$ cat query.cif   # mmCIF, C-alpha atoms and all ligand atoms
data_query
#
loop_
_atom_site.label_atom_id
_atom_site.label_comp_id
_atom_site.auth_asym_id
_atom_site.auth_seq_id
_atom_site.Cartn_x
_atom_site.Cartn_y
_atom_site.Cartn_z
CA MET A 218 15.68 -41.45 31.71
CA ASP A 219 16.49 -37.88 32.82
CA LEU A 220 16.47 -35.51 29.91
CA ASN A 221 17.53 -31.91 29.59
CA THR A 222 14.84 -30.80 27.12
CA LYS A 223 16.55 -27.48 26.43
CA SER A 224 19.73 -29.18 25.28
CA VAL A 225 17.72 -31.74 23.28
CA ILE A 226 15.93 -29.01 21.37
CA ARG A 227 19.16 -27.09 20.83
CA ASN A 228 20.64 -30.24 19.31
CA ALA A 229 17.78 -30.38 16.81
CA TRP A 230 15.98 -33.34 18.36
CA ARG A 231 12.26 -32.88 18.67
CA ILE A 232 10.15 -33.12 21.84
CA THR A 233 7.33 -35.40 20.72
CA SER A 234 3.86 -36.46 21.80
CA GLN A 235 5.22 -39.92 22.69
CA ARG A 236 6.64 -40.37 26.19
CA GLY A 237 10.29 -41.46 26.15
CA ARG A 238 10.60 -41.05 22.39
CA THR A 239 12.11 -38.33 20.28
CA CYS A 240 12.41 -37.51 16.60
CA LEU A 241 15.65 -36.95 14.71
CA ARG A 242 15.75 -33.98 12.37
CA ILE A 243 18.00 -34.01 9.31
CA ARG A 244 18.80 -30.82 7.36
CA VAL A 245 19.29 -30.92 3.59
CA PRO A 246 20.59 -27.45 2.65
CA GLY A 247 19.34 -26.57 -0.82
CA GLY A 248 17.20 -29.71 -1.01
CA HIS A 249 19.47 -31.91 -3.18
CA LEU A 250 20.42 -35.08 -1.31
CA PRO A 251 23.21 -37.43 -2.52
CA ALA A 252 21.24 -40.62 -3.20
CA GLU A 253 23.53 -42.86 -1.15
CA LEU A 254 22.47 -41.01 2.01
CA MET A 255 18.99 -42.48 1.59
CA THR A 256 20.50 -45.77 2.80
CA ASP A 257 21.87 -44.13 5.97
CA ILE A 258 18.50 -42.52 6.71
CA GLN A 259 16.71 -45.81 6.04
CA GLN A 260 19.02 -47.69 8.40
CA ILE A 261 18.60 -45.15 11.21
CA ALA A 262 14.81 -45.29 10.82
CA GLN A 263 14.74 -49.08 10.86
CA GLN A 264 17.30 -49.65 13.60
CA TYR A 265 16.39 -46.84 15.99
CA GLY A 266 13.08 -45.34 14.87
CA ASN A 267 9.65 -46.73 14.13
CA GLY A 268 10.52 -47.52 10.53
CA SER A 269 9.00 -44.41 8.98
CA VAL A 270 10.55 -41.18 7.72
CA HIS A 271 8.66 -37.91 7.58
CA ILE A 272 9.59 -35.54 4.75
CA THR A 273 9.37 -32.04 6.15
CA THR A 274 8.01 -28.91 4.52
CA ARG A 275 11.48 -27.31 4.74
CA GLN A 276 13.26 -30.06 2.84
CA GLY A 277 14.53 -32.06 5.75
CA PHE A 278 13.74 -35.49 7.11
CA GLU A 279 12.38 -36.39 10.49
CA VAL A 280 12.87 -39.89 11.85
CA PRO A 281 10.29 -40.49 14.60
CA GLY A 282 10.09 -43.04 17.38
CA ILE A 283 13.71 -42.92 18.60
CA ARG A 284 14.21 -43.81 22.28
CA PHE A 285 15.91 -41.19 24.44
CA GLU A 286 18.60 -43.68 25.42
CA ASP A 287 19.55 -44.19 21.76
CA MET A 288 20.15 -40.50 21.01
CA ALA A 289 23.93 -40.66 21.53
CA ALA A 290 24.23 -43.71 19.27
CA VAL A 291 22.13 -42.04 16.60
CA ASN A 292 24.23 -38.88 16.83
CA ARG A 293 27.28 -41.01 16.09
CA ARG A 294 25.45 -42.80 13.27
CA MET A 295 24.58 -39.39 11.79
CA GLN A 296 28.21 -38.41 11.16
CA PRO A 297 28.38 -39.59 7.50
CA ILE A 298 25.21 -37.57 6.79
CA LEU A 299 26.62 -34.49 8.50
CA ASP A 300 29.92 -34.92 6.65
CA ALA A 301 28.20 -35.08 3.27
CA LEU A 302 25.60 -32.36 3.80
CA GLU A 303 27.29 -29.87 6.13
CA VAL A 304 31.04 -30.44 6.58
CA ALA A 305 31.50 -30.88 2.81
CA ILE A 306 30.11 -27.40 2.15
CA GLY A 307 32.22 -25.82 4.88
CA VAL A 308 29.75 -25.55 7.75
CA PRO A 309 31.52 -25.65 11.16
CA MET A 310 29.78 -28.52 12.96
CA GLY A 311 31.71 -28.76 16.22
CA GLN A 312 32.59 -32.05 17.88
CA ARG A 313 32.30 -35.10 15.61
CA GLY A 314 29.78 -37.73 16.57
CA SER A 315 27.68 -35.37 18.67
CA GLY A 316 24.99 -34.51 16.11
CA TYR A 317 23.74 -31.08 15.16
CA PRO A 318 25.08 -28.19 17.25
CA ALA A 319 21.95 -25.99 16.92
CA ALA A 320 18.36 -26.02 15.76
CA GLY A 321 17.21 -22.39 15.80
CA THR A 322 18.13 -21.30 12.29
CA ARG A 323 16.27 -23.77 10.12
CA ASN A 324 17.46 -25.63 7.05
CA VAL A 325 18.04 -23.27 4.11
CA ALA A 326 15.50 -24.57 1.61
CA ALA A 327 15.54 -24.14 -2.16
CA CYS A 328 13.41 -24.93 -5.18
CA ILE A 329 15.01 -27.38 -7.60
CA GLY A 330 16.70 -24.50 -9.44
CA SER A 331 18.80 -24.37 -12.60
CA ARG A 332 20.20 -27.88 -12.16
CA VAL A 333 16.81 -29.07 -13.41
CA CYS A 334 14.28 -26.29 -14.04
CA PRO A 335 14.48 -24.18 -17.25
CA PHE A 336 12.74 -21.25 -15.51
CA ALA A 337 15.50 -20.92 -12.91
CA ASN A 338 17.71 -17.87 -13.06
CA TYR A 339 20.40 -19.41 -10.84
CA ASP A 340 21.64 -22.50 -9.02
CA THR A 341 19.46 -22.29 -5.95
CA THR A 342 21.18 -25.16 -4.13
CA ALA A 343 24.61 -23.55 -4.53
CA LEU A 344 23.33 -20.30 -3.03
CA ALA A 345 21.56 -22.20 -0.24
CA ALA A 346 24.88 -23.88 0.59
CA ARG A 347 26.64 -20.50 0.68
CA ILE A 348 23.98 -19.16 3.00
CA GLU A 349 24.04 -22.28 5.20
CA ARG A 350 27.79 -21.76 5.64
CA GLN A 351 27.13 -18.23 6.78
CA VAL A 352 24.14 -18.71 9.08
CA TYR A 353 24.54 -22.18 10.61
CA PRO A 354 24.94 -23.24 13.38
CA ASN A 355 22.89 -20.59 15.18
CA HIS A 356 20.37 -20.88 18.01
CA ARG A 357 18.28 -17.93 16.80
CA HIS A 358 15.11 -18.92 15.02
CA LEU A 359 15.25 -17.95 11.35
CA LYS A 360 13.81 -19.35 8.14
CA ILE A 361 15.42 -18.71 4.76
CA ALA A 362 14.51 -20.08 1.33
CA CYS A 363 15.93 -19.61 -2.17
CA THR A 364 13.80 -19.82 -5.28
CA GLY A 365 14.95 -19.62 -8.88
CA CYS A 366 12.28 -17.35 -10.28
CA PRO A 367 9.15 -15.48 -9.18
CA ASN A 368 7.02 -18.62 -9.55
CA ASP A 369 8.29 -19.24 -6.01
CA CYS A 370 7.81 -23.00 -5.89
CA ILE A 371 9.61 -23.13 -2.51
CA LYS A 372 7.06 -20.71 -0.99
CA ALA A 373 9.69 -18.14 -0.04
CA HIS A 374 6.82 -15.76 0.70
CA LEU A 375 6.27 -17.65 3.96
CA GLN A 376 9.84 -17.31 5.24
CA ASP A 377 11.69 -14.66 7.23
CA PHE A 378 13.89 -14.22 4.17
CA GLY A 379 13.06 -15.33 0.64
CA ILE A 380 15.53 -14.93 -2.22
CA LEU A 381 14.07 -14.91 -5.72
CA GLY A 382 16.19 -15.07 -8.87
CA GLN A 383 15.99 -12.11 -11.25
CA THR A 384 17.65 -11.57 -14.60
CA ASP A 385 18.14 -8.33 -16.51
CA VAL A 386 17.17 -9.74 -19.92
CA GLN A 387 18.98 -8.36 -22.97
CA LEU A 388 17.65 -8.28 -26.53
CA ASP A 389 19.77 -8.95 -29.60
CA ALA A 390 17.51 -7.07 -32.05
CA ALA A 391 19.29 -8.56 -35.07
CA ARG A 392 17.96 -12.01 -34.15
CA CYS A 393 14.36 -10.86 -33.61
CA ILE A 394 11.84 -11.87 -36.28
CA GLY A 395 8.98 -9.91 -34.68
CA CYS A 396 6.86 -12.99 -33.91
CA GLU A 397 5.45 -11.37 -30.73
CA ALA A 398 5.70 -14.61 -28.72
CA CYS A 399 7.62 -12.90 -25.92
CA GLN A 400 5.25 -9.94 -25.76
CA LYS A 401 2.09 -12.08 -25.77
CA ASN A 402 3.47 -14.36 -23.05
CA CYS A 403 4.60 -11.47 -20.85
CA LYS A 404 1.16 -9.90 -21.17
CA ALA A 405 -0.73 -13.14 -20.48
CA ARG A 406 1.44 -14.70 -17.80
CA VAL A 407 3.71 -12.09 -16.29
CA THR A 408 3.53 -8.30 -15.89
CA ASP A 409 2.88 -6.97 -19.41
CA ALA A 410 6.32 -5.38 -19.50
CA LEU A 411 6.81 -5.69 -23.28
CA GLU A 412 5.35 -3.58 -26.06
CA MET A 413 5.88 -4.20 -29.78
CA ARG A 414 7.26 -1.11 -31.54
CA HIS A 415 8.28 -1.20 -35.19
CA GLY A 416 8.17 -4.99 -35.07
CA ARG A 417 10.48 -5.33 -32.09
CA PRO A 418 9.73 -5.79 -28.35
CA VAL A 419 10.55 -2.84 -26.10
CA ARG A 420 10.85 -3.51 -22.37
CA ASP A 421 9.41 -1.24 -19.69
CA ALA A 422 12.05 -1.58 -16.98
CA ASP A 423 9.60 -0.51 -14.26
CA GLN A 424 7.20 -3.31 -15.17
CA CYS A 425 9.78 -6.03 -15.77
CA ILE A 426 10.28 -8.30 -12.76
CA GLY A 427 13.24 -10.11 -14.31
CA CYS A 428 11.59 -13.51 -14.47
CA GLY A 429 13.37 -14.45 -17.70
CA GLU A 430 10.36 -16.10 -19.34
CA CYS A 431 10.87 -14.09 -22.54
CA VAL A 432 14.22 -15.90 -22.93
CA LEU A 433 12.40 -19.23 -22.91
CA LYS A 434 9.65 -18.10 -25.27
CA CYS A 435 11.81 -16.67 -28.02
CA PRO A 436 12.21 -19.13 -30.92
CA THR A 437 15.36 -17.45 -32.25
CA GLY A 438 17.32 -16.87 -29.04
CA ALA A 439 17.03 -13.08 -29.40
CA TRP A 440 16.55 -12.64 -25.65
CA ARG A 441 19.26 -13.80 -23.26
CA ARG A 442 19.74 -13.66 -19.51
CA SER A 443 22.21 -11.10 -18.19
CA ALA A 444 25.67 -12.31 -17.18
CA THR A 445 25.17 -10.73 -13.75
CA LYS A 446 22.65 -12.55 -11.60
CA TYR A 447 20.26 -10.47 -9.56
CA TYR A 448 17.99 -11.25 -6.65
CA ARG A 449 14.80 -9.98 -5.09
CA MET A 450 14.85 -10.33 -1.33
CA ILE A 451 11.46 -10.62 0.35
CA ILE A 452 11.21 -10.48 4.11
CA LEU A 453 9.17 -11.29 7.19
CA GLY A 454 6.63 -13.69 5.78
CA ARG A 455 5.27 -16.15 8.33
CA THR A 456 2.66 -18.69 9.25
CA GLY A 457 1.56 -19.00 12.88
CA LYS A 458 -1.46 -18.31 15.05
CA LYS A 459 -1.19 -14.62 15.78
CA ASN A 460 -0.69 -12.85 12.50
CA PRO A 461 0.14 -14.91 9.40
CA ARG A 462 1.23 -12.95 6.36
CA LEU A 463 3.10 -13.08 3.09
CA ALA A 464 6.61 -11.65 2.86
CA ALA A 465 7.04 -8.17 1.38
CA THR A 466 9.73 -7.02 -1.01
CA PHE A 467 12.76 -5.46 0.70
CA LEU A 468 15.37 -5.42 -2.10
CA GLU A 469 15.16 -5.76 -5.85
CA TRP A 470 17.96 -6.20 -8.36
CA ALA A 471 20.51 -6.88 -5.65
CA THR A 472 23.66 -8.92 -6.33
CA GLU A 473 24.55 -12.10 -4.49
CA GLU A 474 27.19 -10.30 -2.44
CA VAL A 475 24.61 -7.76 -1.26
CA ILE A 476 22.17 -10.52 -0.33
CA LEU A 477 24.81 -12.33 1.70
CA ALA A 478 25.98 -9.13 3.40
CA VAL A 479 22.40 -8.29 4.41
CA LEU A 480 21.89 -11.77 5.87
CA ARG A 481 25.06 -11.38 7.94
CA ASN A 482 23.49 -8.33 9.59
CA VAL A 483 20.35 -10.14 10.76
CA TYR A 484 21.82 -11.87 13.79
CA PRO A 485 23.30 -8.74 15.43
CA PHE A 486 19.87 -7.11 14.98
CA ILE A 487 18.17 -10.05 16.70
CA GLU A 488 20.68 -10.03 19.58
CA THR A 489 20.13 -6.29 20.10
CA HIS A 490 16.35 -6.20 19.95
CA ILE A 491 14.91 -9.61 20.89
CA ASP A 492 12.69 -9.72 23.98
CA ASN A 493 14.53 -12.32 26.04
CA ARG A 494 11.66 -12.54 28.53
CA LEU A 495 9.77 -14.58 25.94
CA PRO A 496 10.68 -18.23 25.35
CA LYS A 497 11.12 -17.41 21.68
CA GLU A 498 10.40 -14.27 19.68
CA HIS A 499 10.25 -14.63 15.92
CA LEU A 500 12.03 -12.05 13.81
CA GLY A 501 8.86 -10.61 12.27
CA TYR A 502 7.40 -9.80 15.67
CA ILE A 503 10.64 -8.12 16.73
CA VAL A 504 10.45 -5.91 13.65
CA ASP A 505 6.76 -5.21 14.33
CA ARG A 506 7.86 -3.86 17.72
CA VAL A 507 10.91 -1.83 16.73
CA GLY A 508 9.78 -0.64 13.28
CA TYR A 509 10.90 -1.11 9.71
CA GLU A 510 13.29 1.86 9.66
CA THR A 511 15.35 0.42 12.51
CA PHE A 512 15.39 -2.97 10.86
CA LYS A 513 16.25 -1.57 7.43
CA ASN A 514 19.14 0.46 8.83
CA ALA A 515 20.46 -2.59 10.69
CA LEU A 516 20.23 -4.82 7.61
CA LEU A 517 22.02 -2.30 5.40
CA LYS A 518 24.72 -1.37 7.92
CA GLY A 519 28.09 -1.46 6.16
CA VAL A 520 26.55 -2.92 2.98
CA THR A 521 27.64 -1.38 -0.32
CA LEU A 522 24.63 -1.66 -2.58
CA ASN A 523 25.19 -2.38 -6.27
CA ASP A 524 24.07 0.40 -8.64
CA LYS A 525 20.94 -1.37 -9.81
CA ALA A 526 19.70 -2.34 -6.32
CA VAL A 527 16.42 -0.84 -5.10
CA VAL A 528 15.47 -0.72 -1.40
CA ALA A 529 11.82 -0.66 -0.33
CA GLY A 530 10.72 2.61 1.29
CA GLU A 531 8.05 0.71 3.19
CA LEU A 532 6.78 -2.84 3.46
CA HIS A 533 3.46 -3.90 2.01
CA PHE A 534 2.21 -7.03 3.72
CA ALA A 535 -0.80 -9.11 2.84
CA GLY A 536 -1.99 -10.88 5.95
CA TYR A 537 -4.58 -10.97 8.69
CA ARG A 538 -4.83 -11.04 12.43
CA HIS A 539 -7.54 -12.42 14.66
CA ARG A 540 -9.69 -10.24 16.86
CA PRO A 541 -10.71 -12.20 19.96
CA GLN A 542 -14.01 -10.29 20.31
CA THR A 543 -15.44 -11.22 16.91
CA HIS A 544 -13.13 -13.89 15.49
CA GLU A 545 -13.34 -12.01 12.23
CA PRO A 546 -10.04 -11.66 10.41
CA ARG A 547 -8.87 -8.08 10.04
CA HIS A 548 -6.87 -7.41 6.93
CA GLU A 549 -3.46 -5.93 7.40
CA PRO A 550 -3.35 -2.30 6.26
CA SER A 551 -0.75 -1.72 3.58
CA GLY A 552 2.43 0.10 4.51
CA ARG A 553 2.75 -1.34 8.00
S1 LIG B 601 10.52 -21.34 -8.61
FE1 LIG B 601 10.97 -21.08 -10.76
S2 LIG B 601 13.01 -21.94 -10.93
FE2 LIG B 601 12.20 -22.73 -9.04
S3 LIG B 601 11.28 -24.69 -9.59
FE3 LIG B 601 9.68 -23.13 -9.65
S4 LIG B 601 9.59 -22.53 -11.80
FE4 LIG B 601 11.55 -23.57 -11.48
S1 LIG B 602 11.82 -10.86 -17.87
FE1 LIG B 602 9.71 -11.47 -17.43
S2 LIG B 602 8.69 -9.55 -16.89
FE2 LIG B 602 10.60 -9.00 -17.94
S3 LIG B 602 10.04 -8.77 -20.06
FE3 LIG B 602 10.73 -10.88 -19.83
S4 LIG B 602 8.86 -12.05 -19.40
FE4 LIG B 602 8.37 -9.90 -19.11
S1 LIG B 603 9.94 -13.91 -29.21
FE1 LIG B 603 11.97 -13.42 -29.98
S2 LIG B 603 11.69 -13.27 -32.15
FE2 LIG B 603 9.66 -13.15 -31.28
S3 LIG B 603 9.29 -10.94 -31.00
FE3 LIG B 603 10.18 -11.69 -29.09
S4 LIG B 603 12.36 -11.34 -29.35
FE4 LIG B 603 11.48 -11.21 -31.34
#
$ encode --input "query.cif" --output "structure tokens" --more "lines below"
Ligand code: SF4
Ligand code: SF4
Ligand code: SF4
Amino acid sequence: MDLNTKSVIRNAWRITSQRGRTCLRIRVPGGHLPAELMTDIQQIAQQYGNGSVHITTRQGFEVPGIRFEDMAAVNRRMQPILDALEVAIGVPMGQRGSGYPAAGTRNVAACIGSRVCPFANYDTTALAARIERQVYPNHRHLKIACTGCPNDCIKAHLQDFGILGQTDVQLDAARCIGCEACQKNCKARVTDALEMRHGRPVRDADQCIGCGECVLKCPTGAWRRSATKYYRMIILGRTGKKNPRLAATFLEWATEEVILAVLRNVYPFIETHIDNRLPKEHLGYIVDRVGYETFKNALLKGVTLNDKAVVAGELHFAGYRHRPQTHEPRHEPSGR
């Protein structure tokens, strides 16, 4: 069967190691899947695939072993899944029955968030859905993940954009009994941002990362999360052969509207600066070429920052690159 591989990839099917067979990719924005869709995925895998389902690292499913000639039928069979996971959250999906319209921008992943996890500072799946609506479909390669607190269970530090929940904790001193539980926990497990003075905890705002653990530790409910939700945006983390590295902090204490406005600015930056001679250039390598200042200015173009937001003056990456002569990893200098 003749196959236009470019159009297959753009429609989110995978080119596989098996001749004549492909692999269906299914996005699950935010990682919460309505249970009834498991039946649809099972039926596709059994009827068209090899009977197995791979659970991907970015919270999707891949159904391997599908014959090229069955792709159109599977695209039609996918419509209930697309309706429930994409159309229902307002993502424009194009012609019905024709599958995914793009593959470049990957599924917006999220940790389990406040629907389940007490550490979460926000509903990660709801934000992932908002982002999905804004960024998908798009052919440009981009990875985004949302995580409810700095524990970063979704590994946002390995994405182009990671969004970590922050809360500006507030103390009701009248409820505090001076037990020191919050201070001891912050010192042992977090950033040592609390100091006991006159029997009450005092927060060093420069040290506090807004994780919200003090809220959970307090036996009297003296600490509470702020009504406004804040976010730390970390950028340009990546895996890969050339130069893997952890994401670096770009924004702290930014509101949701700021985060969304910044993400809207990414695609015009890519279109302006990407090297189209390459088959694919990942965002981090584009920024390595053009420099952080150019990228920062593009991301913040037209964005009104909230008062509390802090923008990084420079990026501090932890990573390494390989030197072909010695094969010894060279550690990334800070401030690159
Ligand atoms: S990152 Fe935080 S909020 Fe998300 S699952 Fe882990 S501990 Fe819970
Ligand atoms: S929010 Fe986190 S870092 Fe800040 S004081 Fe509470 S436990 Fe410490
Ligand atoms: S845990 Fe609560 S009661 Fe104990 S010192 Fe901290 S704020 Fe006060």
$ residues_near_ligand --input "query.cif" --ligand "ligand LIG 603 (chain B)" --cutoff "12 Å" --atoms "only C-alpha atoms and all ligand atoms" --output "short mmCIF file (atom, residue, chain, number, x, y, z; two decimals) with C-alpha atoms, keeping the file's coordinate frame"
data_model
loop_
_atom_site.label_atom_id
_atom_site.label_comp_id
_atom_site.auth_asym_id
_atom_site.auth_seq_id
_atom_site.Cartn_x
_atom_site.Cartn_y
_atom_site.Cartn_z
CA VAL A 386 17.17 -9.74 -19.92
CA GLN A 387 18.98 -8.36 -22.97
CA LEU A 388 17.65 -8.28 -26.53
CA ASP A 389 19.77 -8.95 -29.60
CA ALA A 390 17.51 -7.07 -32.05
CA ALA A 391 19.29 -8.56 -35.07
CA ARG A 392 17.96 -12.01 -34.15
CA CYS A 393 14.36 -10.86 -33.61
CA ILE A 394 11.84 -11.87 -36.28
CA GLY A 395 8.98 -9.91 -34.68
CA CYS A 396 6.86 -12.99 -33.91
CA GLU A 397 5.45 -11.37 -30.73
CA ALA A 398 5.70 -14.61 -28.72
CA CYS A 399 7.62 -12.90 -25.92
CA GLN A 400 5.25 -9.94 -25.76
CA LYS A 401 2.09 -12.08 -25.77
CA ASN A 402 3.47 -14.36 -23.05
CA CYS A 403 4.60 -11.47 -20.85
CA LEU A 411 6.81 -5.69 -23.28
CA GLU A 412 5.35 -3.58 -26.06
CA MET A 413 5.88 -4.20 -29.78
CA ARG A 414 7.26 -1.11 -31.54
CA HIS A 415 8.28 -1.20 -35.19
CA GLY A 416 8.17 -4.99 -35.07
CA ARG A 417 10.48 -5.33 -32.09
CA PRO A 418 9.73 -5.79 -28.35
CA VAL A 419 10.55 -2.84 -26.10
CA ARG A 420 10.85 -3.51 -22.37
CA GLU A 430 10.36 -16.10 -19.34
CA CYS A 431 10.87 -14.09 -22.54
CA VAL A 432 14.22 -15.90 -22.93
CA LEU A 433 12.40 -19.23 -22.91
CA LYS A 434 9.65 -18.10 -25.27
CA CYS A 435 11.81 -16.67 -28.02
CA PRO A 436 12.21 -19.13 -30.92
CA THR A 437 15.36 -17.45 -32.25
CA GLY A 438 17.32 -16.87 -29.04
CA ALA A 439 17.03 -13.08 -29.40
CA TRP A 440 16.55 -12.64 -25.65
CA ARG A 441 19.26 -13.80 -23.26
#
$ residues_around --input "query.cif" --residues "Gln296 of chain A" --least-positions-apart "4" --cutoff "12 Å" --atoms "all atoms listed in the file" --output "list in words"
Ile243, Leu254, Asp257, Ile258, Ile261, Ala289, Ala290, Val291, Asn292, Asp300, Ala301, Leu302, Glu303, Val304, Ala305, Met310, Gly311, Gln312, Arg313, Gly314, Ser315, Gly316 and Tyr317 of chain A
$ write_last_selection --input "query.cif" --atoms "C-alpha atoms" --output "CSV table (one decimal), in the frame of the given file"
chain,number,residue,atom,x,y,z
A,243,ILE,CA,18.0,-34.0,9.3
A,254,LEU,CA,22.5,-41.0,2.0
A,257,ASP,CA,21.9,-44.1,6.0
A,258,ILE,CA,18.5,-42.5,6.7
A,261,ILE,CA,18.6,-45.2,11.2
A,289,ALA,CA,23.9,-40.7,21.5
A,290,ALA,CA,24.2,-43.7,19.3
A,291,VAL,CA,22.1,-42.0,16.6
A,292,ASN,CA,24.2,-38.9,16.8
A,300,ASP,CA,29.9,-34.9,6.6
A,301,ALA,CA,28.2,-35.1,3.3
A,302,LEU,CA,25.6,-32.4,3.8
A,303,GLU,CA,27.3,-29.9,6.1
A,304,VAL,CA,31.0,-30.4,6.6
A,305,ALA,CA,31.5,-30.9,2.8
A,310,MET,CA,29.8,-28.5,13.0
A,311,GLY,CA,31.7,-28.8,16.2
A,312,GLN,CA,32.6,-32.0,17.9
A,313,ARG,CA,32.3,-35.1,15.6
A,314,GLY,CA,29.8,-37.7,16.6
A,315,SER,CA,27.7,-35.4,18.7
A,316,GLY,CA,25.0,-34.5,16.1
A,317,TYR,CA,23.7,-31.1,15.2
$ closest_residue --input "query.cif" --among "A:Ala529, A:Ile361, A:Val507, A:Val333" --to "ligand LIG 601 (chain B)" --atoms "only C-alpha atoms and all ligand atoms"
A:Val333
$ closest_residue --input "query.cif" --among "A:Lys513, A:Arg442, A:His539, A:Arg506" --to "Gly457 of chain A" --atoms "only C-alpha atoms"
A:His539
$ axis_aligned_box --input "query.cif" --around "ligand LIG 601 (chain B)" --padding-each-side "4 Å" --output "AutoDock Vina command-line options"
--center_x 11.3 --center_y -22.9 --center_z -10.2 --size_x 11.4 --size_y 11.6 --size_z 11.2
$ residues_around --input "query.cif" --residues "Gly307 of chain A" --least-positions-apart "4" --cutoff "9 Å" --atoms "all atoms listed in the file" --output "list in words"
Glu303, Ala346, Arg347, Glu349 and Arg350 of chain A
$ closest_residue --input "query.cif" --among "A:Ala465, A:Val475, A:Ala362, A:Met295" --to "ligand LIG 601 (chain B)" --atoms "all atoms listed in the file"
A:Ala362
$ closest_atom_pairs --input "query.cif" --of "chain A" --to "ligand LIG 601 (chain B)" --cutoff "6 Å" --atoms "only C-alpha atoms and all ligand atoms" --output "Markdown table"
| residue | atom | partner | partner_atom | distance |
| --- | --- | --- | --- | --- |
| A:Cys328 | CA | B:LIG601 | FE2 | 4.6 |
| A:Ile329 | CA | B:LIG601 | S3 | 5.0 |
| A:Gly330 | CA | B:LIG601 | S2 | 4.7 |
| A:Cys334 | CA | B:LIG601 | FE4 | 4.6 |
| A:Phe336 | CA | B:LIG601 | S2 | 4.6 |
| A:Ala337 | CA | B:LIG601 | S2 | 3.3 |
| A:Thr364 | CA | B:LIG601 | S1 | 4.9 |
| A:Gly365 | CA | B:LIG601 | S2 | 3.7 |
| A:Cys366 | CA | B:LIG601 | FE1 | 4.0 |
| A:Asn368 | CA | B:LIG601 | S1 | 4.5 |
| A:Asp369 | CA | B:LIG601 | S1 | 4.0 |
| A:Cys370 | CA | B:LIG601 | S1 | 4.2 |
$ residues_around --input "query.cif" --residues "Ala444 of chain A" --least-positions-apart "3" --cutoff "12 Å" --atoms "only C-alpha atoms" --output "PDB file with C-alpha atoms, in the coordinates of the input"
ATOM      1  CA  ASN A 338      17.710 -17.870 -13.060  1.00  0.00           C
ATOM      2  CA  TYR A 339      20.400 -19.410 -10.840  1.00  0.00           C
ATOM      3  CA  GLN A 383      15.990 -12.110 -11.250  1.00  0.00           C
ATOM      4  CA  THR A 384      17.650 -11.570 -14.600  1.00  0.00           C
ATOM      5  CA  ASP A 385      18.140  -8.330 -16.510  1.00  0.00           C
ATOM      6  CA  VAL A 386      17.170  -9.740 -19.920  1.00  0.00           C
ATOM      7  CA  GLN A 387      18.980  -8.360 -22.970  1.00  0.00           C
ATOM      8  CA  ARG A 441      19.260 -13.800 -23.260  1.00  0.00           C
ATOM      9  CA  TYR A 447      20.260 -10.470  -9.560  1.00  0.00           C
ATOM     10  CA  THR A 472      23.660  -8.920  -6.330  1.00  0.00           C
TER      11      THR A 472
END
$ closest_residue --input "query.cif" --among "A:Glu253, A:Glu498, A:Asp377, A:Asp421" --to "ligand LIG 602 (chain B)" --atoms "all atoms listed in the file"
A:Asp421
$ closest_residue --input "query.cif" --among "A:Asp524, A:Asp492, A:Glu279, A:Asp423" --to "ligand LIG 602 (chain B)" --atoms "all atoms listed in the file"
A:Asp423
$ closest_residue --input "query.cif" --among "A:Ala422, A:Ile348, A:Ile283, A:Val270" --to "ligand LIG 602 (chain B)" --atoms "only C-alpha atoms and all ligand atoms"
A:Ala422
$ atom_distance --input "query.cif" --atom1 "atom CA of Tyr484 of chain A" --atom2 "atom CA of Leu359 of chain A"
9.3 Å
$ atom_distance --input "query.cif" --atom1 "atom CA of Val520 of chain A" --atom2 "atom CA of Cys363 of chain A"
20.4 Å
$ closest_atom_pairs --input "query.cif" --of "segment 306-406 of chain A" --to "segment 501-505 of chain A" --cutoff "12 Å" --atoms "all atoms listed in the file" --output "tab-separated table"
residue	atom	partner	partner_atom	distance
A:His358	CA	A:Gly501	CA	10.8
A:Leu359	CA	A:Gly501	CA	9.8
A:Lys360	CA	A:Gly501	CA	10.9
A:Leu375	CA	A:Gly501	CA	11.2
A:Gln376	CA	A:Gly501	CA	9.8
A:Asp377	CA	A:Gly501	CA	7.1
A:Phe378	CA	A:Gly501	CA	10.2
$ atom_distance --input "query.cif" --atom1 "atom CA of Arg294 of chain A" --atom2 "atom CA of His356 of chain A"
23.0 Å
$ residues_around --input "query.cif" --residues "Thr521 of chain A" --least-positions-apart "3" --cutoff "9 Å" --atoms "all atoms listed in the file" --output "NGL selection string"
:A and (475 or 478 or 517-518)
$ decode --input "query.cif" --residues "segment 467-472 of chain A" --atoms "N, CA and C atoms" --output "PDB file, in the first residue's frame"
ATOM      1  N   PHE A 467      11.730  30.215  34.638  1.00  0.00           N
ATOM      2  CA  PHE A 467      11.547  31.426  33.831  1.00  0.00           C
ATOM      3  C   PHE A 467      10.676  32.441  34.576  1.00  0.00           C
ATOM      4  N   LEU A 468       9.557  31.976  35.127  1.00  0.00           N
ATOM      5  CA  LEU A 468       8.654  32.865  35.875  1.00  0.00           C
ATOM      6  C   LEU A 468       8.365  32.263  37.239  1.00  0.00           C
ATOM      7  N   GLU A 469       8.197  33.093  38.222  1.00  0.00           N
ATOM      8  CA  GLU A 469       7.673  32.642  39.508  1.00  0.00           C
ATOM      9  C   GLU A 469       6.504  33.527  39.885  1.00  0.00           C
ATOM     10  N   TRP A 470       5.598  32.980  40.651  1.00  0.00           N
ATOM     11  CA  TRP A 470       4.458  33.736  41.178  1.00  0.00           C
ATOM     12  C   TRP A 470       3.653  34.415  40.073  1.00  0.00           C
ATOM     13  N   ALA A 471       3.508  33.727  38.970  1.00  0.00           N
ATOM     14  CA  ALA A 471       2.710  34.262  37.859  1.00  0.00           C
ATOM     15  C   ALA A 471       1.279  33.732  37.977  1.00  0.00           C
ATOM     16  N   THR A 472       0.305  34.505  37.525  1.00  0.00           N
ATOM     17  CA  THR A 472      -1.083  34.041  37.536  1.00  0.00           C
ATOM     18  C   THR A 472      -1.346  33.158  36.318  1.00  0.00           C
TER      19      THR A 472
END
